[in-house]
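Structure below is upload_12.txt: compact mmCIF, C-alpha atoms and all ligand atoms.
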# COMPACT_ATOMS: atom_id res chain seq x y z
CA MET A 1075 21.03 29.87 -15.08
CA GLY A 1076 21.10 27.75 -11.90
CA LYS A 1077 20.80 24.00 -11.81
CA PRO A 1078 17.32 22.65 -12.66
CA LYS A 1079 15.35 21.69 -9.55
CA ILE A 1080 13.47 18.40 -9.43
CA VAL A 1081 11.07 17.86 -6.53
CA ILE A 1082 9.64 14.39 -5.86
CA LEU A 1083 6.54 14.18 -3.66
CA GLY A 1084 6.15 10.85 -1.83
CA GLY A 1085 8.76 8.29 -0.78
CA GLY A 1086 6.74 5.14 -1.48
CA TYR A 1087 7.41 2.62 -4.22
CA GLY A 1088 7.22 5.15 -7.07
CA GLY A 1089 9.02 8.09 -5.44
CA LEU A 1090 11.86 6.04 -4.00
CA ILE A 1091 12.62 3.98 -7.10
CA ALA A 1092 12.56 7.18 -9.17
CA SER A 1093 14.98 8.81 -6.68
CA ARG A 1094 17.36 5.85 -6.80
CA LYS A 1095 17.27 5.82 -10.61
CA LEU A 1096 17.97 9.58 -10.74
CA GLU A 1097 20.94 9.05 -8.43
CA LYS A 1098 22.32 6.59 -10.96
CA MET A 1099 21.55 8.62 -14.10
CA LEU A 1100 22.33 12.22 -13.19
CA LYS A 1101 25.85 13.53 -13.54
CA ASN A 1102 27.28 15.24 -10.47
CA GLY A 1103 25.86 18.75 -10.21
CA GLU A 1104 23.49 18.28 -13.15
CA ALA A 1105 20.33 18.90 -11.10
CA GLU A 1106 19.14 19.55 -7.55
CA VAL A 1107 16.78 16.76 -6.52
CA THR A 1108 14.65 16.85 -3.36
CA LEU A 1109 12.55 13.91 -2.17
CA VAL A 1110 9.74 14.93 0.20
CA ASN A 1111 7.98 12.38 2.41
CA LYS A 1112 5.73 12.62 5.46
CA HIS A 1113 7.93 10.30 7.50
CA GLU A 1114 11.63 9.59 7.64
CA TYR A 1115 10.90 5.94 6.97
CA HIS A 1116 9.75 4.12 3.84
CA TYR A 1117 7.22 1.36 4.51
CA ILE A 1118 6.74 -1.70 2.36
CA ALA A 1119 3.05 -1.10 1.64
CA THR A 1120 2.59 -4.57 0.16
CA GLN A 1121 3.30 -6.06 3.60
CA LEU A 1122 1.24 -3.70 5.73
CA HIS A 1123 -1.32 -6.43 6.48
CA LYS A 1124 1.41 -8.12 8.55
CA THR A 1125 1.83 -4.97 10.65
CA GLY A 1126 -1.94 -4.93 11.25
CA ALA A 1127 -1.95 -8.50 12.54
CA GLY A 1128 1.38 -8.15 14.34
CA THR A 1129 2.97 -10.98 12.36
CA ALA A 1130 6.01 -8.96 11.24
CA ALA A 1131 8.36 -6.79 13.27
CA ASP A 1132 8.41 -3.05 12.47
CA ASP A 1133 11.98 -3.06 11.18
CA LYS A 1134 11.10 -5.69 8.58
CA ILE A 1135 8.41 -3.38 7.16
CA THR A 1136 10.06 0.03 7.51
CA MET A 1137 13.42 1.35 6.32
CA ASN A 1138 15.11 4.68 6.94
CA ILE A 1139 14.87 6.76 3.74
CA PRO A 1140 18.19 8.65 4.10
CA ASP A 1141 19.92 5.24 4.43
CA LEU A 1142 18.36 4.12 1.14
CA LEU A 1143 19.70 7.12 -0.76
CA LYS A 1144 23.26 6.35 -1.73
CA THR A 1145 24.64 9.66 -3.03
CA ASN A 1146 24.31 13.38 -2.34
CA LYS A 1147 22.50 13.86 -5.65
CA VAL A 1148 19.12 13.51 -3.88
CA THR A 1149 18.31 15.43 -0.70
CA PHE A 1150 15.66 14.03 1.60
CA LYS A 1151 13.16 16.32 3.28
CA LYS A 1152 10.76 15.07 5.94
CA ALA A 1153 7.64 17.17 5.48
CA THR A 1154 3.95 16.93 4.68
CA VAL A 1155 2.87 18.29 1.31
CA GLU A 1156 -0.17 20.55 1.46
CA SER A 1157 -0.42 22.28 -1.89
CA VAL A 1158 1.12 22.78 -5.32
CA ASP A 1159 1.11 26.12 -7.14
CA CYS A 1160 1.66 25.22 -10.78
CA GLU A 1161 1.85 28.89 -11.88
CA LYS A 1162 4.59 29.80 -9.38
CA ARG A 1163 6.12 26.31 -9.58
CA GLN A 1164 6.08 25.91 -5.83
CA VAL A 1165 5.11 23.15 -3.42
CA GLY A 1166 3.55 24.28 -0.13
CA LEU A 1167 4.49 22.29 2.96
CA GLN A 1168 2.54 21.95 6.20
CA ASN A 1169 5.36 23.72 8.10
CA GLY A 1170 4.75 26.85 5.99
CA GLU A 1171 7.83 26.38 3.82
CA LYS A 1172 7.67 26.69 0.02
CA LEU A 1173 9.79 24.50 -2.26
CA SER A 1174 10.49 25.77 -5.77
CA TYR A 1175 10.71 23.34 -8.65
CA ASP A 1176 11.41 23.28 -12.36
CA TYR A 1177 10.22 19.68 -12.63
CA LEU A 1178 7.77 18.02 -10.27
CA LEU A 1179 7.09 14.31 -9.78
CA ILE A 1180 3.94 13.49 -7.83
CA ALA A 1181 4.01 10.01 -6.23
CA LEU A 1182 1.71 10.55 -3.25
CA GLY A 1183 0.06 7.16 -3.38
CA PHE A 1184 -3.36 6.02 -2.27
CA ASP A 1185 -6.14 6.70 0.16
CA VAL A 1186 -8.82 4.33 1.33
CA ASN A 1187 -12.18 4.57 -0.41
CA THR A 1188 -15.02 4.15 2.07
CA PHE A 1189 -17.78 4.91 -0.47
CA GLY A 1190 -19.55 7.13 2.05
CA ILE A 1191 -20.87 4.14 4.06
CA PRO A 1192 -22.09 5.56 7.39
CA GLY A 1193 -19.68 5.06 10.28
CA ILE A 1194 -16.77 3.61 8.27
CA GLU A 1195 -14.73 6.80 8.11
CA GLU A 1196 -15.18 7.40 11.86
CA HIS A 1197 -15.01 3.91 13.36
CA ALA A 1198 -13.37 1.41 10.99
CA PHE A 1199 -9.62 0.80 10.85
CA LYS A 1200 -7.78 1.36 7.59
CA ILE A 1201 -4.74 -0.18 5.96
CA LYS A 1202 -3.46 3.08 4.57
CA SER A 1203 -0.02 3.74 6.02
CA PHE A 1204 2.33 2.16 8.54
CA LYS A 1205 0.84 4.32 11.31
CA THR A 1206 -2.84 3.55 10.60
CA THR A 1207 -2.05 -0.15 10.24
CA LYS A 1208 -0.01 -0.30 13.43
CA ALA A 1209 -3.08 1.13 15.20
CA ILE A 1210 -4.99 -2.03 14.21
CA TYR A 1211 -2.54 -4.26 16.06
CA HIS A 1212 -2.63 -2.09 19.20
CA HIS A 1213 -6.43 -2.15 19.11
CA ILE A 1214 -6.54 -5.96 18.79
CA ILE A 1215 -4.26 -6.30 21.83
CA LYS A 1216 -6.50 -3.93 23.78
CA GLN A 1217 -9.54 -6.06 22.92
CA PHE A 1218 -7.88 -9.20 24.30
CA ASP A 1219 -6.96 -7.30 27.45
CA ALA A 1220 -10.43 -5.87 27.93
CA TYR A 1221 -12.09 -9.24 27.26
CA LYS A 1222 -10.34 -10.64 30.34
CA GLU A 1223 -12.29 -8.05 32.37
CA ASP A 1224 -15.74 -7.82 30.76
CA LYS A 1225 -16.07 -11.07 28.70
CA ASP A 1226 -17.85 -9.10 25.95
CA PRO A 1227 -17.78 -11.41 22.87
CA SER A 1228 -17.79 -8.44 20.44
CA ARG A 1229 -14.21 -7.77 21.57
CA LEU A 1230 -13.05 -11.08 20.12
CA THR A 1231 -14.89 -10.75 16.80
CA PHE A 1232 -12.44 -9.46 14.22
CA ALA A 1233 -14.15 -8.37 11.04
CA VAL A 1234 -12.49 -7.58 7.73
CA ALA A 1235 -14.53 -5.71 5.12
CA GLY A 1236 -13.54 -6.78 1.62
CA ALA A 1237 -12.19 -10.08 0.37
CA GLY A 1238 -10.19 -8.61 -2.49
CA PHE A 1239 -6.41 -8.73 -2.56
CA THR A 1240 -5.75 -6.78 0.66
CA GLY A 1241 -8.69 -8.26 2.56
CA VAL A 1242 -7.62 -11.85 1.84
CA GLU A 1243 -3.98 -11.08 2.74
CA LEU A 1244 -5.09 -9.60 6.06
CA VAL A 1245 -7.45 -12.49 6.84
CA GLY A 1246 -4.54 -14.87 6.15
CA GLU A 1247 -2.41 -13.09 8.74
CA LEU A 1248 -5.24 -13.02 11.30
CA ILE A 1249 -5.66 -16.80 10.90
CA GLU A 1250 -2.07 -17.09 12.19
CA ALA A 1251 -2.09 -14.21 14.69
CA ILE A 1252 -5.31 -14.83 16.63
CA PRO A 1253 -4.43 -18.32 18.00
CA ALA A 1254 -1.03 -16.96 19.10
CA LEU A 1255 -2.72 -14.07 20.92
CA CYS A 1256 -5.22 -16.47 22.54
CA LYS A 1257 -2.26 -18.36 23.97
CA LYS A 1258 -0.60 -15.17 25.18
CA PHE A 1259 -3.77 -13.86 26.88
CA ASP A 1260 -4.98 -17.29 27.98
CA VAL A 1261 -8.26 -17.01 26.08
CA PRO A 1262 -9.85 -20.11 24.45
CA VAL A 1263 -9.49 -19.80 20.68
CA GLU A 1264 -13.15 -20.97 20.28
CA LYS A 1265 -14.21 -17.63 21.79
CA THR A 1266 -12.76 -15.72 18.83
CA ARG A 1267 -14.27 -15.10 15.40
CA ILE A 1268 -12.74 -13.90 12.15
CA VAL A 1269 -15.46 -12.60 9.86
CA ASN A 1270 -14.77 -11.61 6.26
CA ILE A 1271 -17.53 -9.63 4.54
CA GLU A 1272 -17.49 -9.15 0.77
CA ALA A 1273 -20.08 -7.51 -1.49
CA SER A 1274 -19.10 -9.58 -4.57
CA PRO A 1275 -20.23 -13.20 -4.97
CA SER A 1276 -16.70 -14.54 -4.33
CA VAL A 1277 -13.34 -13.78 -2.74
CA LEU A 1278 -10.59 -12.28 -4.93
CA PRO A 1279 -12.79 -10.86 -7.70
CA GLY A 1280 -10.81 -10.89 -10.96
CA PHE A 1281 -8.68 -13.92 -10.02
CA ASP A 1282 -8.97 -17.33 -11.74
CA LYS A 1283 -11.58 -19.80 -10.53
CA GLU A 1284 -8.84 -22.10 -9.17
CA ALA A 1285 -7.42 -19.30 -7.02
CA ILE A 1286 -10.89 -18.36 -5.78
CA ASP A 1287 -11.75 -21.97 -4.92
CA PHE A 1288 -8.41 -22.57 -3.19
CA THR A 1289 -8.75 -19.40 -1.10
CA THR A 1290 -12.39 -20.03 -0.19
CA LYS A 1291 -11.60 -23.56 0.97
CA PHE A 1292 -8.47 -22.45 2.81
CA VAL A 1293 -10.03 -19.65 4.83
CA LYS A 1294 -13.15 -21.66 5.68
CA LYS A 1295 -11.03 -24.62 6.79
CA ASN A 1296 -9.25 -22.24 9.12
CA GLY A 1297 -12.50 -21.14 10.75
CA VAL A 1298 -13.10 -17.85 8.94
CA GLU A 1299 -16.77 -16.93 8.56
CA LEU A 1300 -16.88 -15.86 4.94
CA MET A 1301 -19.90 -13.73 3.99
CA THR A 1302 -19.90 -13.13 0.24
CA SER A 1303 -22.66 -11.24 -1.65
CA THR A 1304 -23.09 -9.25 1.55
CA LYS A 1305 -22.93 -5.47 1.81
CA ILE A 1306 -22.12 -3.46 4.91
CA LEU A 1307 -24.77 -0.77 5.44
CA GLU A 1308 -23.43 0.89 8.58
CA TYR A 1309 -20.95 0.55 11.43
CA ASN A 1310 -21.22 2.19 14.84
CA ALA A 1311 -18.00 0.92 16.50
CA ILE A 1312 -19.73 -1.98 18.24
CA SER A 1313 -21.91 -3.58 15.58
CA ILE A 1314 -21.86 -4.03 11.79
CA LYS A 1315 -25.21 -3.71 10.04
CA LEU A 1316 -25.51 -5.91 6.93
CA ASP A 1317 -27.87 -5.72 3.94
CA ASN A 1318 -29.31 -9.19 4.71
CA GLY A 1319 -30.96 -7.75 7.83
CA SER A 1320 -28.48 -9.22 10.30
CA GLU A 1321 -25.85 -7.56 12.48
CA VAL A 1322 -22.36 -8.69 13.52
CA PRO A 1323 -21.43 -7.38 16.96
CA SER A 1324 -17.76 -6.43 16.59
CA ARG A 1325 -15.47 -3.80 18.03
CA THR A 1326 -12.93 -4.33 15.25
CA LEU A 1327 -13.85 -3.64 11.66
CA ILE A 1328 -10.89 -3.34 9.29
CA TRP A 1329 -11.91 -1.70 6.04
CA SER A 1330 -10.22 -2.99 2.91
CA GLY A 1331 -13.05 -2.32 0.53
CA GLY A 1332 -11.09 -0.33 -2.04
CA VAL A 1333 -8.52 2.38 -2.71
CA ARG A 1334 -8.47 5.70 -4.55
CA GLY A 1335 -5.86 8.38 -5.18
CA ASN A 1336 -4.57 10.37 -2.18
CA VAL A 1337 -7.29 12.92 -1.24
CA ILE A 1338 -4.73 15.71 -1.39
CA LEU A 1339 -4.72 15.32 -5.20
CA GLU A 1340 -8.18 16.93 -5.28
CA SER A 1341 -6.78 20.25 -4.07
CA LEU A 1342 -3.88 20.51 -6.55
CA GLY A 1343 -5.94 21.93 -9.43
CA LEU A 1344 -4.63 19.23 -11.80
CA PRO A 1345 -6.88 17.19 -14.15
CA LEU A 1346 -8.37 14.23 -12.28
CA ASN A 1347 -10.02 11.05 -13.50
CA ARG A 1348 -11.79 9.02 -10.79
CA GLY A 1349 -9.73 10.71 -8.08
CA ARG A 1350 -6.36 10.17 -9.75
CA ILE A 1351 -4.24 12.53 -11.86
CA GLU A 1352 -4.53 11.88 -15.56
CA VAL A 1353 -1.16 11.38 -17.26
CA ASP A 1354 -0.09 11.06 -20.88
CA GLN A 1355 2.03 8.27 -22.41
CA TYR A 1356 5.20 9.91 -21.03
CA LEU A 1357 3.71 10.03 -17.49
CA ARG A 1358 3.36 13.81 -17.72
CA VAL A 1359 0.27 15.36 -16.19
CA ALA A 1360 -2.16 16.10 -19.00
CA GLY A 1361 -1.71 19.68 -20.23
CA THR A 1362 1.65 20.30 -18.50
CA GLU A 1363 5.24 20.05 -19.67
CA ASN A 1364 7.06 19.80 -16.37
CA ILE A 1365 4.81 17.85 -13.96
CA TYR A 1366 4.87 14.06 -13.87
CA CYS A 1367 2.77 11.66 -11.82
CA ILE A 1368 3.21 7.93 -11.16
CA GLY A 1369 1.90 5.05 -9.06
CA ASP A 1370 -1.45 4.97 -7.27
CA ALA A 1371 -1.81 8.75 -7.68
CA ALA A 1372 -1.73 8.49 -11.48
CA TYR A 1373 -4.52 7.63 -13.88
CA PHE A 1374 -2.75 5.99 -16.82
CA LYS A 1375 -5.30 4.99 -19.46
CA LYS A 1376 -5.24 1.31 -20.39
CA ASN A 1377 -8.04 1.90 -22.86
CA GLU A 1378 -10.99 4.30 -23.24
CA THR A 1379 -12.80 3.04 -20.14
CA SER A 1380 -10.14 1.81 -17.72
CA SER A 1381 -6.73 2.60 -16.25
CA LEU A 1382 -3.79 0.55 -15.01
CA PRO A 1383 -4.52 -0.86 -11.53
CA PRO A 1384 -3.05 0.73 -8.39
CA THR A 1385 -0.26 -1.78 -7.72
CA ALA A 1386 3.36 -1.63 -6.62
CA GLN A 1387 4.27 -3.37 -9.86
CA VAL A 1388 2.84 -0.48 -11.90
CA ALA A 1389 4.40 2.16 -9.59
CA ILE A 1390 7.88 0.59 -9.88
CA GLN A 1391 7.73 0.24 -13.66
CA GLN A 1392 6.45 3.81 -14.05
CA ALA A 1393 9.28 5.10 -11.83
CA GLU A 1394 11.77 3.27 -14.05
CA THR A 1395 10.44 5.15 -17.11
CA CYS A 1396 9.73 8.45 -15.38
CA ALA A 1397 13.24 9.02 -14.00
CA PRO A 1398 14.87 8.73 -17.47
CA ASN A 1399 12.14 11.03 -18.82
CA LEU A 1400 13.01 13.65 -16.19
CA VAL A 1401 16.69 13.38 -17.14
CA ALA A 1402 15.75 13.62 -20.85
CA ALA A 1403 13.64 16.73 -20.13
CA ILE A 1404 16.60 18.42 -18.42
CA ARG A 1405 18.92 17.51 -21.29
CA GLY A 1406 16.40 18.51 -23.97
CA GLU A 1407 16.20 14.95 -25.26
CA ALA A 1408 13.21 12.89 -26.43
CA GLN A 1409 10.85 11.34 -23.87
CA LYS A 1410 10.05 7.62 -23.82
CA ALA A 1411 6.46 6.35 -23.79
CA PHE A 1412 5.58 4.15 -20.81
CA GLU A 1413 4.76 0.51 -21.55
CA TYR A 1414 3.44 -1.75 -18.82
CA HIS A 1415 4.52 -5.39 -18.68
CA HIS A 1416 2.36 -7.43 -16.34
CA LYS A 1417 4.47 -10.11 -14.67
CA GLY A 1418 1.77 -11.65 -12.52
CA THR A 1419 -0.03 -11.27 -9.20
CA VAL A 1420 0.31 -13.33 -6.04
CA ALA A 1421 -1.90 -12.87 -2.97
CA SER A 1422 -0.63 -14.37 0.28
CA ILE A 1423 -2.93 -16.17 2.74
CA GLY A 1424 -0.63 -16.16 5.74
CA THR A 1425 2.95 -17.42 5.55
CA MET A 1426 2.23 -20.96 4.33
CA ALA A 1427 -0.11 -20.36 1.39
CA ALA A 1428 -0.76 -18.00 -1.49
CA VAL A 1429 -2.54 -17.96 -4.84
CA GLY A 1430 -1.93 -16.25 -8.15
CA LYS A 1431 -0.31 -16.27 -11.54
CA VAL A 1432 3.34 -15.64 -12.37
CA PHE A 1433 4.44 -15.23 -16.00
CA GLY A 1434 1.17 -16.87 -17.05
CA PHE A 1435 1.50 -19.91 -14.72
CA LYS A 1436 -1.22 -20.48 -12.15
CA ILE A 1437 0.22 -21.23 -8.71
CA SER A 1438 -1.20 -21.94 -5.26
CA GLY A 1439 -0.25 -23.28 -1.83
CA LEU A 1440 3.23 -23.42 -0.35
CA PHE A 1441 5.04 -22.87 -3.66
CA ALA A 1442 3.01 -19.70 -4.27
CA ALA A 1443 3.89 -18.52 -0.73
CA PHE A 1444 7.54 -19.02 -1.62
CA MET A 1445 7.09 -17.07 -4.87
CA LYS A 1446 5.54 -14.22 -2.88
CA GLN A 1447 8.74 -14.05 -0.82
CA VAL A 1448 10.78 -14.00 -4.04
CA ILE A 1449 8.69 -11.07 -5.34
CA GLU A 1450 9.21 -9.13 -2.08
CA ALA A 1451 12.95 -9.85 -2.20
CA ARG A 1452 13.09 -8.64 -5.80
CA TYR A 1453 11.71 -5.26 -4.75
CA LEU A 1454 14.43 -4.92 -2.11
CA PHE A 1455 16.96 -5.89 -4.76
CA VAL A 1456 15.74 -3.18 -7.17
CA LEU A 1457 15.76 -0.65 -4.34
CA GLY A 1458 19.09 -1.37 -2.73
CA GLY A 1459 20.84 -4.28 -4.45
CA PRO A 1460 21.84 -7.60 -2.81
CA SER A 1461 23.09 -5.86 0.35
CA LEU A 1462 19.60 -4.54 1.17
CA VAL A 1463 18.04 -7.97 0.56
CA LEU A 1464 20.55 -9.55 2.94
CA LYS A 1465 20.18 -6.77 5.51
CA GLN A 1466 16.38 -7.04 5.64
CA PHE A 1467 16.37 -10.85 5.71
CA ALA A 1468 19.07 -10.95 8.38
CA LYS A 1469 17.04 -8.82 10.79
CA THR A 1470 16.24 -11.03 13.72
CA SER A 1471 13.67 -8.94 15.56
CA LYS A 1472 10.58 -10.95 16.33
CA PRO A 1473 6.94 -10.17 15.64
CA TYR A 1474 4.86 -9.22 18.62
CA HIS A 1475 3.42 -12.49 19.81
P1 LIG B 1 2.82 4.60 -1.81
O1 LIG B 1 3.66 3.41 -1.77
O2 LIG B 1 1.53 4.62 -1.06
O3 LIG B 1 3.71 5.85 -1.36
C1 LIG B 1 3.17 7.13 -1.15
C2 LIG B 1 4.09 7.86 -0.21
O4 LIG B 1 3.66 9.22 -0.10
C3 LIG B 1 4.09 7.31 1.22
O5 LIG B 1 5.41 7.17 1.68
C4 LIG B 1 3.34 8.36 2.03
O6 LIG B 1 3.78 8.46 3.37
C5 LIG B 1 3.68 9.62 1.25
N1 LIG B 1 2.69 10.70 1.42
C6 LIG B 1 1.36 10.61 1.32
N2 LIG B 1 0.79 11.81 1.50
C7 LIG B 1 1.80 12.68 1.72
C8 LIG B 1 1.87 14.08 1.96
N3 LIG B 1 0.76 14.84 2.01
N4 LIG B 1 3.08 14.64 2.15
C9 LIG B 1 4.22 13.90 2.10
N5 LIG B 1 4.22 12.58 1.86
C10 LIG B 1 3.02 11.97 1.68
N6 LIG B 1 0.73 -4.15 -5.05
C11 LIG B 1 1.34 -5.13 -5.75
O7 LIG B 1 1.80 -4.89 -6.89
N7 LIG B 1 1.48 -6.39 -5.23
C12 LIG B 1 1.05 -6.72 -3.98
O8 LIG B 1 1.21 -7.87 -3.54
C13 LIG B 1 0.40 -5.71 -3.22
N8 LIG B 1 -0.03 -5.98 -1.96
C14 LIG B 1 -0.57 -4.98 -1.20
C15 LIG B 1 -0.96 -5.27 0.11
C16 LIG B 1 -1.50 -4.27 0.91
C17 LIG B 1 -1.88 -4.57 2.33
C18 LIG B 1 -1.66 -2.95 0.38
C19 LIG B 1 -2.23 -1.85 1.24
C20 LIG B 1 -1.30 -2.66 -0.93
C21 LIG B 1 -0.75 -3.67 -1.74
N9 LIG B 1 -0.35 -3.41 -3.06
C22 LIG B 1 0.25 -4.40 -3.80
C23 LIG B 1 -0.51 -2.06 -3.65
C24 LIG B 1 0.77 -1.24 -3.49
O9 LIG B 1 1.18 -1.21 -2.15
C25 LIG B 1 0.58 0.18 -4.01
O10 LIG B 1 0.10 0.10 -5.32
C26 LIG B 1 1.89 0.95 -3.97
O11 LIG B 1 2.26 1.18 -2.63
C27 LIG B 1 1.77 2.28 -4.73
O12 LIG B 1 3.00 2.95 -4.68
P2 LIG B 1 3.04 4.55 -4.69
O13 LIG B 1 4.48 4.95 -4.73
O14 LIG B 1 2.13 5.08 -5.72
O15 LIG B 1 2.40 4.97 -3.31
Let me see the file written as structure tokens.
Amino acid sequence: MGKPKIVILGGGYGGLIASRKLEKMLKNGEAEVTLVNKHEYHYIATQLHKTGAGTAADDKITMNIPDLLKTNKVTFKKATVESVDCEKRQVGLQNGEKLSYDYLLIALGFDVNTFGIPGIEEHAFKIKSFKTTKAIYHHIIKQFDAYKEDKDPSRLTFAVAGAGFTGVELVGELIEAIPALCKKFDVPVEKTRIVNIEASPSVLPGFDKEAIDFTTKFVKKNGVELMTSTKILEYNAISIKLDNGSEVPSRTLIWSGGVRGNVILESLGLPLNRGRIEVDQYLRVAGTENIYCIGDAAYFKKNETSSLPPTAQVAIQQAETCAPNLVAAIRGEAQKAFEYHHKGTVASIGTMAAVGKVFGFKISGLFAAFMKQVIEARYLFVLGGPSLVLKQFAKTSKPYH
């Protein structure tokens, strides 16, 4: 019998950490592992809001995947996954190729949930991948440019839908980016607006009251027009229709109103729960022996009514259990049940402030911003050791303004 084939779909947090762990655990020649990802680069999804606002250079957010793989135990394949045939044990790629597997790990991440609100899918910008987020920055620059010609105020109204984790992080970056762009394009900062629209009664639903109060005060102090308890009814690329009867003329609406599992999961014929693949305690897809799923694509039951949240923290921890389970499966050993340990959550509001809780301690302000940097550095450390941390921090390329 040939070597067992493991195919990993998705080179995000889950897929990459699992690949690195397999590199460390597998003996030479024990298995053939292939990591498939749409792009040759891995992007740090937790920092995409900086790409959208142009406050971080591309090479701080993206890293070349083949450079991150340290051995020849994992082969990287740049390709887009289109289908999975569980009967034939084959993955179908967009280029027509078929990849056979004995064991499959699905780590295809998230998609943006637009809840069917008219015009959002067509006209709003999404923080979904490096590419879609980069498009936001290019669009903002275009608006500044065009404003110099037509003086249309809707060009300088930057609206963010959602004041949850991602929405607040993006607003925080815009607070820093917009004044810098005003300087660059010689536009008075008073002509610009940052509008944050949220359906819930407060920012950061689910956070402590202190974090909510700190964030509300911080963004308002920095000129953000915060509209809580307000729903978006429709967007037509130039104006946002709200449920209070008013409209916000804006040519930039960035949707961060929620995420769901990657839409491709719907076509795989695997059991779904609220758009994500249901997995058992060993991270195996319910009803299968050889297919695993982790990260935002997976629905891991926390209790009867809810699942673990779609966070990088969950994806990384699941990858750290899933890789040993794949090795155990190959060796005919016992699988280990996944246990989640929540270490805390910190939301940045630009570079100088953040809010959250770490190991049970509530933090806010500059110290929290520092802790956010520590958390990001820890991920790099897990991925590539101290050398990757140093390499990323030593990069001197500048953001765009
Ligand atoms: P991803 O990291 O999304 O990786 C999926 C990979 O699959 C990507 O590389 C993608 O290109 C690839 N892919 C997708 N479709 C295909 C296909 N058809 N074929 C081939 N490849 C494909 N979480 C936290 O814990 N803390 C935070 O502070 C935090 N901040 C965030 C800030 C922002 C702006 C955003 C957007 C998210 C944030 N998150 C945070 C959530 C976190 O980023 C996700 O939970 C995490 O990325 C999930 O990891 P994953 O491996 O499941 O998916």
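Atom to atom, atom CA of Gly1236 of chain A and atom CA of Glu1272 of chain A stand 4.7 Å apart.
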*Grab the atom CA of Thr1240 of chain A to atom CA of Thr1395 of chain A distance for me, in Å with one decimal place.*
26.8 Å
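For the pair atom CA of Ser1157 of chain A and atom CA of Glu1340 of chain A, the interatomic distance is 10.0 Å.
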_Can you work out which residues are within 8 Å of ligand LIG 1 (chain B), considering only C-alpha atoms and all ligand atoms, and then hand them over as a PyMOL selection string?_
chain A and resi 1083-1090+1110-1113+1115-1124+1152-1156+1167+1181-1184+1201-1203+1239-1241+1243-1244+1336+1338+1368-1372+1383-1390+1419-1422+1446
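Using only C-alpha atoms, the protein and nucleic acid residues lying no more than 6 Å from segment 1259-1266 of chain A, apart from those fewer than 2 places from it along its own chain, are A:Leu1230, A:Thr1231, A:Pro1253, A:Cys1256, A:Lys1257.
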*For Leu1382 of chain A: contacts at 9 Å, all atoms listed in the file, fewer than 5 positions along chain excluded, given as a ChimeraX atom specification*: /A:1372-1376,1388,1414
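Distance annotation: of A:Met1099, A:Val1186, A:Arg1325, A:Ala1273, the residue with the minimal separation from Ile1210 of chain A is A:Arg1325; atom set is only C-alpha atoms.
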*For a cut-off of 12 Å around (-11.2, 12.1, -17.2), file coordinates, pick out all residues using all atoms listed in the file and list them as a VMD selection string.*
chain A and resid 1344 to 1354 1359 to 1360 1372 to 1375 1378 to 1381
_Pick from A:Tyr1177, A:Phe1150, A:Phe1441, A:Phe1292, whichever lies nearest to Leu1400 of chain A using all atoms listed in the file_ = A:Tyr1177
_Radius query 12 Å about (-5.2, 0.5, 11.9), atoms used: all atoms listed in the file, as number ranges by chain_ = A: 1122-1128, 1186, 1197-1214, 1234, 1244, 1326-1330
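Of the residues listed (A:Leu1307, A:Lys1101, A:Ile1082, A:Ile1437), A:Lys1101 shows the shortest atom-to-atom separation from Val1401 of chain A; distances use all atoms listed in the file.
Each of A:Gly1170, A:Gly1297, A:Pro1398, A:Pro1473 was compared to Lys1095 of chain A using all atoms listed in the file, and A:Pro1398 turns out to be the nearest.
Counting all atoms listed in the file, the residue from A:Glu1106, A:Val1432, A:Gly1332, A:Arg1267 that sits nearest to Phe1189 of chain A is A:Gly1332.
Near Asp1185 of chain A, within 6 Å and counting only C-alpha atoms, sit Val1333, Arg1334, Gly1335 and Asn1336 of chain A, not including residues fewer than 5 positions from it in the same chain.
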I need the residues from that last selection saved to file as a tab-separated table (two decimals), in the frame of the given file (with C-alpha atoms), if you can.
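The file below, out-v3.tsv, is the result:
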chain	number	residue	atom	x	y	z
A	1333	VAL	CA	-8.52	2.38	-2.71
A	1334	ARG	CA	-8.47	5.70	-4.55
A	1335	GLY	CA	-5.86	8.38	-5.18
A	1336	ASN	CA	-4.57	10.37	-2.18
*Can you pull out every residue within 12 Å of Gly1319 of chain A, counting only C-alpha atoms, but drop anything in the same chain fewer than 6 positions away, and send it as a PyMOL selection string?*
chain A and resi 1304-1308
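The smallest atom-to-atom distance between Gln1409 of chain A and any of A:Tyr1366, A:Phe1218, A:Phe1288, A:Phe1467, using all atoms listed in the file, is found for A:Tyr1366.
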*Can you list, as a count of residues only, every protein, DNA or RNA residue that comes within 8 Å of segment 1275-1285 of chain A when you count all atoms listed in the file, leaving out same-chain residues fewer than 4 positions away?*
11
Counting only C-alpha atoms, what are the residues of segment 1079-1192 of chain A within 7 Å of segment 1455-1466 of chain A, and for each of them which pair of atoms is the nearest and at what distance in Å, to one decimal? Sort the table by chain and rising number, as CSV.
residue,atom,partner,partner_atom,distance
A:Ile1091,CA,A:Leu1457,CA,6.2
A:Lys1134,CA,A:Gln1466,CA,6.2
A:Leu1142,CA,A:Gly1458,CA,6.8
